[in-house]
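Novice: What follows is start_21.pdb, made up of PDB, C-alpha atoms and all ligand atoms:
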```pdb
ATOM      1  CA  MET A  29       0.000   0.000   0.000
ATOM      2  CA  LYS A  30       1.091   3.576  -0.571
ATOM      3  CA  VAL A  31       1.700   5.457   2.706
ATOM      4  CA  LEU A  32       2.454   9.169   3.074
ATOM      5  CA  VAL A  33       4.878   9.604   6.008
ATOM      6  CA  SER A  34       5.999  12.782   7.755
ATOM      7  CA  SER A  35       9.594  13.282   6.647
ATOM      8  CA  CYS A  36      10.739  13.996  10.209
ATOM      9  CA  LEU A  37       9.530  10.543  11.334
ATOM     10  CA  LEU A  38      11.775   9.046   8.659
ATOM     11  CA  GLY A  39      14.794  10.838  10.122
ATOM     12  CA  GLU A  40      14.965  13.878   7.866
ATOM     13  CA  ASP A  41      16.086  17.056   9.646
ATOM     14  CA  VAL A  42      13.057  19.128   8.635
ATOM     15  CA  ARG A  43      11.616  20.035  12.021
ATOM     16  CA  TYR A  44      11.358  23.687  13.038
ATOM     17  CA  ASP A  45      14.397  23.206  15.299
ATOM     18  CA  GLY A  46      16.504  21.624  12.562
ATOM     19  CA  ASN A  47      16.210  18.134  14.044
ATOM     20  CA  ASN A  48      14.156  15.056  13.212
ATOM     21  CA  SER A  49      11.711  12.782  15.029
ATOM     22  CA  SER A  50      13.117   9.499  13.763
ATOM     23  CA  ILE A  51      11.128   6.467  14.851
ATOM     24  CA  ALA A  52      13.850   4.034  13.838
ATOM     25  CA  MET A  53      16.603   5.861  15.736
ATOM     26  CA  GLY A  54      14.626   7.663  18.436
ATOM     27  CA  ALA A  55      15.319   6.860  22.100
ATOM     28  CA  SER A  56      11.666   7.370  23.010
ATOM     29  CA  PHE A  57      10.470   4.425  20.892
ATOM     30  CA  THR A  58      10.496   0.823  22.097
ATOM     31  CA  PHE A  59      12.163  -1.955  20.151
ATOM     32  CA  SER A  60       8.714  -3.339  19.391
ATOM     33  CA  GLN A  61       7.547  -0.001  17.949
ATOM     34  CA  LYS A  62      10.688   0.193  15.827
ATOM     35  CA  GLU A  63      10.093  -3.330  14.543
ATOM     36  CA  ILE A  64       6.518  -2.521  13.517
ATOM     37  CA  PHE A  65       7.695   0.699  11.876
ATOM     38  CA  MET A  66      10.425  -1.105   9.930
ATOM     39  CA  ASP A  67       7.904  -3.731   8.783
ATOM     40  CA  ILE A  68       5.650  -0.940   7.519
ATOM     41  CA  LEU A  69       8.579   0.703   5.725
ATOM     42  CA  CYS A  70       9.748  -2.513   4.091
ATOM     43  CA  ASP A  71       6.331  -3.827   3.040
ATOM     44  CA  ASN A  72       4.830  -0.648   1.594
ATOM     45  CA  GLU A  73       5.465   2.168  -0.845
ATOM     46  CA  ILE A  74       6.577   5.115   1.298
ATOM     47  CA  TYR A  75       6.103   8.745   0.280
ATOM     48  CA  SER A  76       8.182  11.041   2.496
ATOM     49  CA  PHE A  77       6.531  14.431   2.839
ATOM     50  CA  CYS A  78       6.953  17.560   4.982
ATOM     51  CA  PRO A  79       4.104  20.021   4.427
ATOM     52  CA  GLU A  80       5.932  22.987   5.910
ATOM     53  CA  VAL A  81       9.092  22.511   3.869
ATOM     54  CA  SER A  82       6.981  21.846   0.756
ATOM     55  CA  ALA A  83       5.471  25.304   1.252
ATOM     56  CA  GLY A  84       8.889  26.939   1.244
ATOM     57  CA  LEU A  85       9.430  27.395   4.970
ATOM     58  CA  GLY A  86      13.090  27.159   5.940
ATOM     59  CA  THR A  87      14.759  24.821   8.408
ATOM     60  CA  PRO A  88      15.315  25.767  11.139
ATOM     61  CA  ARG A  89      12.332  28.098  11.509
ATOM     62  CA  LEU A  90      10.470  29.675  14.395
ATOM     63  CA  PRO A  91       8.034  27.401  16.260
ATOM     64  CA  ALA A  92       4.423  27.950  15.244
ATOM     65  CA  GLU A  93       1.068  27.106  16.800
ATOM     66  CA  ILE A  94      -2.518  27.233  15.611
ATOM     67  CA  VAL A  95      -4.190  30.287  17.110
ATOM     68  CA  SER A  96      -7.540  29.722  15.391
ATOM     69  CA  ALA A  97      -8.387  26.096  14.628
ATOM     70  CA  ASN A  98     -11.622  27.003  12.834
ATOM     71  CA  LYS A  99     -12.086  28.991   9.630
ATOM     72  CA  PRO A 100     -10.606  31.496   9.200
ATOM     73  CA  PHE A 101      -7.575  29.511  10.399
ATOM     74  CA  LYS A 102      -4.693  31.374  11.940
ATOM     75  CA  VAL A 103      -1.186  30.052  12.563
ATOM     76  CA  GLU A 104       1.428  32.235  14.212
ATOM     77  CA  THR A 105       5.068  31.908  15.192
ATOM     78  CA  ASN A 106       6.177  32.617  18.744
ATOM     79  CA  ASN A 107       6.979  36.193  17.683
ATOM     80  CA  GLU A 108       3.435  36.645  16.308
ATOM     81  CA  GLU A 109       4.350  36.402  12.645
ATOM     82  CA  ASP A 110       1.335  35.165  10.659
ATOM     83  CA  VAL A 111       2.346  31.962   8.838
ATOM     84  CA  THR A 112      -1.175  30.773   8.036
ATOM     85  CA  ILE A 113      -0.724  30.866   4.268
ATOM     86  CA  PRO A 114       2.370  28.623   4.095
ATOM     87  CA  PHE A 115       0.689  26.176   6.465
ATOM     88  CA  LEU A 116      -2.389  26.083   4.215
ATOM     89  CA  ILE A 117      -0.167  25.657   1.150
ATOM     90  CA  GLY A 118       1.619  22.770   2.863
ATOM     91  CA  ALA A 119      -1.709  21.081   3.586
ATOM     92  CA  LYS A 120      -2.815  21.539  -0.018
ATOM     93  CA  ASN A 121       0.507  20.168  -1.289
ATOM     94  CA  ALA A 122       0.065  17.062   0.872
ATOM     95  CA  LEU A 123      -3.463  16.542  -0.409
ATOM     96  CA  ASP A 124      -2.324  17.020  -4.023
ATOM     97  CA  THR A 125       0.346  14.354  -3.503
ATOM     98  CA  CYS A 126      -2.230  11.953  -2.072
ATOM     99  CA  LYS A 127      -4.674  12.612  -4.912
ATOM    100  CA  ASN A 128      -2.059  12.428  -7.661
ATOM    101  CA  ASP A 129      -0.595   9.171  -6.362
ATOM    102  CA  ASP A 130      -3.810   7.623  -5.028
ATOM    103  CA  ILE A 131      -2.556   7.508  -1.420
ATOM    104  CA  LYS A 132      -5.255   6.571   1.091
ATOM    105  CA  VAL A 133      -3.332   6.479   4.363
ATOM    106  CA  ALA A 134      -0.780   8.656   6.139
ATOM    107  CA  LEU A 135       1.530   8.324   9.151
ATOM    108  CA  LEU A 136       1.968  11.853  10.458
ATOM    109  CA  LYS A 137       3.845  13.331  13.414
ATOM    110  CA  SER A 138       1.686  13.904  16.465
ATOM    111  CA  LYS A 139       1.073  17.337  18.027
ATOM    112  CA  SER A 140       2.404  19.321  15.046
ATOM    113  CA  PRO A 141       0.372  22.323  13.818
ATOM    114  CA  SER A 142       0.576  20.708  10.367
ATOM    115  CA  CYS A 143       0.709  16.972  10.999
ATOM    116  CA  GLY A 144      -0.940  16.360  14.398
ATOM    117  CA  ASN A 145      -4.035  14.180  14.111
ATOM    118  CA  LEU A 146      -5.434  14.115  17.659
ATOM    119  CA  LYS A 147      -3.847  16.868  19.757
ATOM    120  CA  ILE A 148      -2.260  20.231  19.009
ATOM    121  CA  TYR A 149      -0.769  22.985  21.151
ATOM    122  CA  ASP A 150      -3.302  25.604  22.149
ATOM    123  CA  GLY A 151      -1.718  28.649  20.509
ATOM    124  CA  THR A 152      -0.335  30.203  23.705
ATOM    125  CA  PHE A 153       3.192  28.691  23.464
ATOM    126  CA  SER A 154       2.782  27.416  27.021
ATOM    127  CA  ASN A 155       3.236  23.722  26.183
ATOM    128  CA  THR A 156      -0.497  23.131  26.604
ATOM    129  CA  LEU A 157      -2.113  20.451  24.443
ATOM    130  CA  VAL A 158      -5.773  20.489  23.410
ATOM    131  CA  ASP A 159      -7.885  18.188  21.249
ATOM    132  CA  GLY A 160      -7.518  19.173  17.612
ATOM    133  CA  GLN A 161      -5.769  18.562  14.315
ATOM    134  CA  GLY A 162      -2.981  20.217  12.409
ATOM    135  CA  LEU A 163      -4.001  21.788   9.109
ATOM    136  CA  THR A 164      -2.546  18.998   6.953
ATOM    137  CA  ALA A 165      -4.002  16.154   9.032
ATOM    138  CA  LYS A 166      -7.377  17.891   8.993
ATOM    139  CA  LEU A 167      -7.430  18.409   5.219
ATOM    140  CA  LEU A 168      -6.327  14.834   4.509
ATOM    141  CA  GLU A 169      -8.985  13.330   6.776
ATOM    142  CA  GLU A 170     -11.657  15.571   5.245
ATOM    143  CA  ASN A 171     -10.669  14.058   1.905
ATOM    144  CA  ASP A 172     -10.791  10.412   3.004
ATOM    145  CA  VAL A 173      -7.090   9.897   3.687
ATOM    146  CA  LYS A 174      -6.876   7.963   6.976
ATOM    147  CA  VAL A 175      -4.299   9.530   9.310
ATOM    148  CA  PHE A 176      -2.345   7.779  12.082
ATOM    149  CA  ASN A 177       0.438   9.129  14.274
ATOM    150  CA  GLU A 178       3.640   7.515  15.565
ATOM    151  CA  THR A 179       1.898   6.242  18.718
ATOM    152  CA  GLN A 180      -0.616   4.352  16.563
ATOM    153  CA  LEU A 181       1.701   2.032  14.641
ATOM    154  CA  GLU A 182      -0.258  -1.127  15.569
ATOM    155  CA  GLU A 183      -3.469   0.503  14.319
ATOM    156  CA  LEU A 184      -1.736   1.600  11.111
ATOM    157  CA  LYS A 185      -0.399  -1.921  10.523
ATOM    158  CA  LYS A 186      -3.887  -3.395  11.003
ATOM    159  CA  PHE A 187      -5.359  -0.788   8.651
ATOM    160  CA  ILE A 188      -2.836  -1.713   5.964
ATOM    161  CA  GLU A 189      -3.494  -5.425   6.414
ATOM    162  CA  THR A 190      -7.252  -5.038   6.115
ATOM    163  CA  ASN A 191      -7.497  -2.520   3.274
TER     164      ASN A 191
HETATM  165  S1  LIG B 201       5.470  19.709   9.161
HETATM  166 FE1  LIG B 201       5.105  17.560   9.677
HETATM  167  S2  LIG B 201       6.707  16.476   8.515
HETATM  168 FE2  LIG B 201       7.334  18.624   8.609
HETATM  169  S3  LIG B 201       8.642  18.741  10.414
HETATM  170 FE3  LIG B 201       6.569  19.297  11.074
HETATM  171  S4  LIG B 201       5.710  17.390  11.827
HETATM  172 FE4  LIG B 201       7.483  16.830  10.598
END
```
Can the structure in the file be given as structure tokens, please?

Specialist:
Amino acid sequence: MKVLVSSCLLGEDVRYDGNNSSIAMGASFTFSQKEIFMDILCDNEIYSFCPEVSAGLGTPRLPAEIVSANKPFKVETNNEEDVTIPFLIGAKNALDTCKNDDIKVALLKSKSPSCGNLKIYDGTFSNTLVDGQGLTAKLLEENDVKVFNETQLEELKKFIETN
């Protein structure tokens, strides 16, 4: 199956802080999680994608949070620069990739204002999580692309096996 994967989860240094969130090499993942992840990588067609970099944002860049999670969306950096448009472009780029390549499932990085699928930071830069989705995860799910995060590898594996 074709799977869109957040580039940072694959070890690419595209995060805002210039680092990655590698599952395979990350100390916060168990051996079992790494095994499942490697199975998914080896048995499927992987499309590495970073919405923010695809929209032209540099690495490193200032951290950003969603200030308004409903239309009109608003995403700001921690110095109050409005970066809503590049975040929307990144989401659209991800959806275009899924549509063009008939990708029906994505593994995206949790808690990101682009990629988070269940929780996001609340827009106050106080490390406070709330229920919600990043702009890319939201747009993909609205267009029937099933989104999982890196804590849901078992669920992703089952989805792939049954679809
Ligand atoms: S936008 Fe997504 S893929 Fe890019 S660094 Fe952030 S979480 Fe990772």

Novice: Please define a box with edges along x, y and z of the file around all atoms of ligand LIG 201 (chain B) given in the file, extend it by 5 Å on each side, and return its centre and edge lengths in Å to one decimal, as JSON.

Specialist:
```
{"center_x": 6.9, "center_y": 18.1, "center_z": 10.2, "size_x": 13.5, "size_y": 13.2, "size_z": 13.3}
```

Novice: Report as a Markdown table: every residue of chain A with an atom at most 7 Å from ligand LIG 201 (chain B), its closest pair of atoms, and their distance in Å to one decimal, counting all atoms listed in the file, with rows sorted by chain and ascending residue number.

Specialist:
```
| residue | atom | partner | partner_atom | distance |
| --- | --- | --- | --- | --- |
| A:Ser34 | CA | B:LIG201 | S2 | 3.8 |
| A:Ser35 | CA | B:LIG201 | S2 | 4.7 |
| A:Cys36 | CA | B:LIG201 | FE4 | 4.3 |
| A:Leu37 | CA | B:LIG201 | FE4 | 6.7 |
| A:Val42 | CA | B:LIG201 | S3 | 4.8 |
| A:Arg43 | CA | B:LIG201 | S3 | 3.6 |
| A:Tyr44 | CA | B:LIG201 | S3 | 6.2 |
| A:Phe77 | CA | B:LIG201 | S2 | 6.0 |
| A:Cys78 | CA | B:LIG201 | S2 | 3.7 |
| A:Pro79 | CA | B:LIG201 | S1 | 4.9 |
| A:Glu80 | CA | B:LIG201 | S1 | 4.6 |
| A:Val81 | CA | B:LIG201 | FE2 | 6.4 |
| A:Leu136 | CA | B:LIG201 | FE1 | 6.6 |
| A:Lys137 | CA | B:LIG201 | S4 | 4.7 |
| A:Ser140 | CA | B:LIG201 | S4 | 5.0 |
| A:Ser142 | CA | B:LIG201 | S1 | 5.1 |
| A:Cys143 | CA | B:LIG201 | FE1 | 4.6 |
```

Novice: Output the residue selection produced by the PyMOL selection byres (((chain A and resi 64) around 12) and not hetatm) on the file above, formatted as a list in words.

Specialist: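 That expression, the PyMOL selection byres (((chain A and resi 64) around 12) and not hetatm), corresponds here to Ile51, Ala52, Phe57, Thr58, Phe59, Ser60, Gln61, Lys62, Glu63, Phe65, Met66, Asp67, Ile68, Leu69, Cys70, Asp71, Glu178, Thr179, Gln180, Leu181, Glu182, Glu183, Leu184, Lys185 and Lys186 of chain A.
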
Novice: Can you list, as an NGL selection string, every protein, DNA or RNA residue that comes within 9 Å of range 123-130 of chain A when you count all atoms listed in the file, leaving out same-chain residues fewer than 6 positions away?

Specialist: :A and (30-32 or 75 or 77 or 164 or 167-168 or 171 or 173)

Novice: From the options A:Ala119, A:Leu157, A:Lys147, A:Leu135, which residue's atoms come nearest to Glu170 in chain A, counting all atoms listed in the file?

Specialist: A:Ala119

Novice: Got a sec: who's within 6 Å of range 101-113 of chain A, counting all atoms listed in the file, leaving out chain neighbours fewer than 4 positions off, as a list in words?

Specialist: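 Listed by chain and then number, they are Leu90, Pro91, Ala92, Glu93, Ile94, Val95, Ser96 and Ala97 of chain A.
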
Novice: Please evaluate the PyMOL selection byres (((chain A and resi 29) around 9) and not hetatm) against the structure above and give the resulting residues as number ranges by chain.

Specialist: A: 30-31, 71-74, 131-133, 188, 191

Novice: Store the residues picked out above in a file with C-alpha atoms, as a PDB file, keeping the file's coordinate frame.

Specialist:
```pdb
ATOM      1  CA  LYS A  30       1.091   3.576  -0.571  1.00  0.00           C
ATOM      2  CA  VAL A  31       1.700   5.457   2.706  1.00  0.00           C
ATOM      3  CA  ASP A  71       6.331  -3.827   3.040  1.00  0.00           C
ATOM      4  CA  ASN A  72       4.830  -0.648   1.594  1.00  0.00           C
ATOM      5  CA  GLU A  73       5.465   2.168  -0.845  1.00  0.00           C
ATOM      6  CA  ILE A  74       6.577   5.115   1.298  1.00  0.00           C
ATOM      7  CA  ILE A 131      -2.556   7.508  -1.420  1.00  0.00           C
ATOM      8  CA  LYS A 132      -5.255   6.571   1.091  1.00  0.00           C
ATOM      9  CA  VAL A 133      -3.332   6.479   4.363  1.00  0.00           C
ATOM     10  CA  ILE A 188      -2.836  -1.713   5.964  1.00  0.00           C
ATOM     11  CA  ASN A 191      -7.497  -2.520   3.274  1.00  0.00           C
TER      12      ASN A 191
END
```

Novice: Suppose you want the space between CA of Lys174 in chain A and CA of Gly162 in chain A; what is it in Å?

Specialist: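 Interatomic distance, CA of Lys174 in chain A to CA of Gly162 in chain A: 14.0 Å.
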
Novice: In Å to one decimal, how far is CA of Glu40 in chain A from CA of Gly144 in chain A?

Specialist: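 So the answer is 17.4 Å.
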
Novice: Using CA of Ala165 in chain A and CA of Phe187 in chain A as the two end points, give the distance in Å to one decimal.

Specialist: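 Taking CA of Ala165 in chain A as the start and CA of Phe187 in chain A as the end point, the length is 17.0 Å.
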
Novice: Pick the closest to Ala83 in chain A from A:Asn121, A:Lys99, A:Glu189, A:Gly54: which is it, counting all atoms listed in the file?

Specialist: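 Closest to Ala83 in chain A, using all atoms listed in the file: A:Asn121.
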
Novice: Rebuild range 85-96 of chain A to all heavy atoms - output it as a PDB file, keeping the file's coordinate frame, please.

Specialist:
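Produced file rebuild_6.pdb, reproduced below:
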```pdb
ATOM      1  N   LEU A  85       8.901  26.947   3.681  1.00  0.00           N
ATOM      2  CA  LEU A  85       9.430  27.395   4.970  1.00  0.00           C
ATOM      3  C   LEU A  85      10.824  26.806   5.175  1.00  0.00           C
ATOM      4  O   LEU A  85      11.073  25.650   4.826  1.00  0.00           O
ATOM      5  CB  LEU A  85       8.497  26.973   6.105  1.00  0.00           C
ATOM      6  CG  LEU A  85       7.129  27.687   6.120  1.00  0.00           C
ATOM      7  CD1 LEU A  85       6.197  27.063   7.145  1.00  0.00           C
ATOM      8  CD2 LEU A  85       7.304  29.180   6.409  1.00  0.00           C
ATOM      9  N   GLY A  86      11.705  27.600   5.762  1.00  0.00           N
ATOM     10  CA  GLY A  86      13.090  27.159   5.940  1.00  0.00           C
ATOM     11  C   GLY A  86      13.254  26.286   7.166  1.00  0.00           C
ATOM     12  O   GLY A  86      12.373  26.182   8.020  1.00  0.00           O
ATOM     13  N   THR A  87      14.402  25.626   7.235  1.00  0.00           N
ATOM     14  CA  THR A  87      14.759  24.821   8.408  1.00  0.00           C
ATOM     15  C   THR A  87      16.155  25.248   8.864  1.00  0.00           C
ATOM     16  O   THR A  87      17.073  25.209   8.034  1.00  0.00           O
ATOM     17  CB  THR A  87      14.781  23.323   8.051  1.00  0.00           C
ATOM     18  OG1 THR A  87      13.522  22.965   7.491  1.00  0.00           O
ATOM     19  CG2 THR A  87      15.041  22.483   9.281  1.00  0.00           C
ATOM     20  N   PRO A  88      16.356  25.638  10.110  1.00  0.00           N
ATOM     21  CA  PRO A  88      15.315  25.767  11.139  1.00  0.00           C
ATOM     22  C   PRO A  88      14.419  26.982  10.895  1.00  0.00           C
ATOM     23  O   PRO A  88      14.750  27.857  10.101  1.00  0.00           O
ATOM     24  CB  PRO A  88      16.110  25.926  12.428  1.00  0.00           C
ATOM     25  CG  PRO A  88      17.413  26.525  12.000  1.00  0.00           C
ATOM     26  CD  PRO A  88      17.689  25.980  10.630  1.00  0.00           C
ATOM     27  N   ARG A  89      13.291  26.993  11.595  1.00  0.00           N
ATOM     28  CA  ARG A  89      12.332  28.098  11.509  1.00  0.00           C
ATOM     29  C   ARG A  89      11.748  28.309  12.914  1.00  0.00           C
ATOM     30  O   ARG A  89      11.913  27.455  13.789  1.00  0.00           O
ATOM     31  CB  ARG A  89      11.210  27.775  10.507  1.00  0.00           C
ATOM     32  CG  ARG A  89      10.530  26.436  10.748  1.00  0.00           C
ATOM     33  CD  ARG A  89       9.638  26.038   9.581  1.00  0.00           C
ATOM     34  NE  ARG A  89       9.088  24.683   9.744  1.00  0.00           N
ATOM     35  CZ  ARG A  89       9.725  23.566   9.414  1.00  0.00           C
ATOM     36  NH1 ARG A  89      10.941  23.625   8.900  1.00  0.00           N
ATOM     37  NH2 ARG A  89       9.162  22.392   9.594  1.00  0.00           N
ATOM     38  N   LEU A  90      11.051  29.419  13.076  1.00  0.00           N
ATOM     39  CA  LEU A  90      10.470  29.675  14.395  1.00  0.00           C
ATOM     40  C   LEU A  90       9.341  28.682  14.671  1.00  0.00           C
ATOM     41  O   LEU A  90       8.620  28.286  13.747  1.00  0.00           O
ATOM     42  CB  LEU A  90       9.907  31.098  14.455  1.00  0.00           C
ATOM     43  CG  LEU A  90      10.939  32.224  14.429  1.00  0.00           C
ATOM     44  CD1 LEU A  90      10.230  33.576  14.373  1.00  0.00           C
ATOM     45  CD2 LEU A  90      11.847  32.153  15.659  1.00  0.00           C
ATOM     46  N   PRO A  91       9.168  28.271  15.937  1.00  0.00           N
ATOM     47  CA  PRO A  91       8.034  27.401  16.260  1.00  0.00           C
ATOM     48  C   PRO A  91       6.723  28.126  15.995  1.00  0.00           C
ATOM     49  O   PRO A  91       6.625  29.343  16.161  1.00  0.00           O
ATOM     50  CB  PRO A  91       8.216  27.101  17.749  1.00  0.00           C
ATOM     51  CG  PRO A  91       9.094  28.165  18.276  1.00  0.00           C
ATOM     52  CD  PRO A  91       9.962  28.613  17.139  1.00  0.00           C
ATOM     53  N   ALA A  92       5.727  27.360  15.550  1.00  0.00           N
ATOM     54  CA  ALA A  92       4.423  27.950  15.244  1.00  0.00           C
ATOM     55  C   ALA A  92       3.325  27.124  15.913  1.00  0.00           C
ATOM     56  O   ALA A  92       3.486  25.916  16.143  1.00  0.00           O
ATOM     57  CB  ALA A  92       4.207  27.989  13.725  1.00  0.00           C
ATOM     58  N   GLU A  93       2.239  27.797  16.245  1.00  0.00           N
ATOM     59  CA  GLU A  93       1.068  27.106  16.800  1.00  0.00           C
ATOM     60  C   GLU A  93      -0.196  27.646  16.142  1.00  0.00           C
ATOM     61  O   GLU A  93      -0.217  28.774  15.648  1.00  0.00           O
ATOM     62  CB  GLU A  93       0.992  27.296  18.329  1.00  0.00           C
ATOM     63  CG  GLU A  93       2.146  26.613  19.051  1.00  0.00           C
ATOM     64  CD  GLU A  93       1.986  26.571  20.569  1.00  0.00           C
ATOM     65  OE1 GLU A  93       0.922  26.970  21.095  1.00  0.00           O
ATOM     66  OE2 GLU A  93       2.952  26.110  21.228  1.00  0.00           O
ATOM     67  N   ILE A  94      -1.226  26.825  16.166  1.00  0.00           N
ATOM     68  CA  ILE A  94      -2.518  27.233  15.611  1.00  0.00           C
ATOM     69  C   ILE A  94      -3.232  28.109  16.633  1.00  0.00           C
ATOM     70  O   ILE A  94      -3.506  27.685  17.750  1.00  0.00           O
ATOM     71  CB  ILE A  94      -3.369  26.001  15.247  1.00  0.00           C
ATOM     72  CG1 ILE A  94      -2.674  25.200  14.138  1.00  0.00           C
ATOM     73  CG2 ILE A  94      -4.763  26.434  14.816  1.00  0.00           C
ATOM     74  CD1 ILE A  94      -3.391  23.912  13.768  1.00  0.00           C
ATOM     75  N   VAL A  95      -3.513  29.334  16.224  1.00  0.00           N
ATOM     76  CA  VAL A  95      -4.190  30.287  17.110  1.00  0.00           C
ATOM     77  C   VAL A  95      -5.704  30.191  16.915  1.00  0.00           C
ATOM     78  O   VAL A  95      -6.477  30.326  17.862  1.00  0.00           O
ATOM     79  CB  VAL A  95      -3.688  31.717  16.816  1.00  0.00           C
ATOM     80  CG1 VAL A  95      -4.427  32.743  17.647  1.00  0.00           C
ATOM     81  CG2 VAL A  95      -2.188  31.799  17.069  1.00  0.00           C
ATOM     82  N   SER A  96      -6.124  29.971  15.677  1.00  0.00           N
ATOM     83  CA  SER A  96      -7.540  29.722  15.391  1.00  0.00           C
ATOM     84  C   SER A  96      -7.650  28.420  14.617  1.00  0.00           C
ATOM     85  O   SER A  96      -7.187  28.324  13.479  1.00  0.00           O
ATOM     86  CB  SER A  96      -8.156  30.863  14.574  1.00  0.00           C
ATOM     87  OG  SER A  96      -9.445  30.464  14.124  1.00  0.00           O
TER      88      SER A  96
END
```
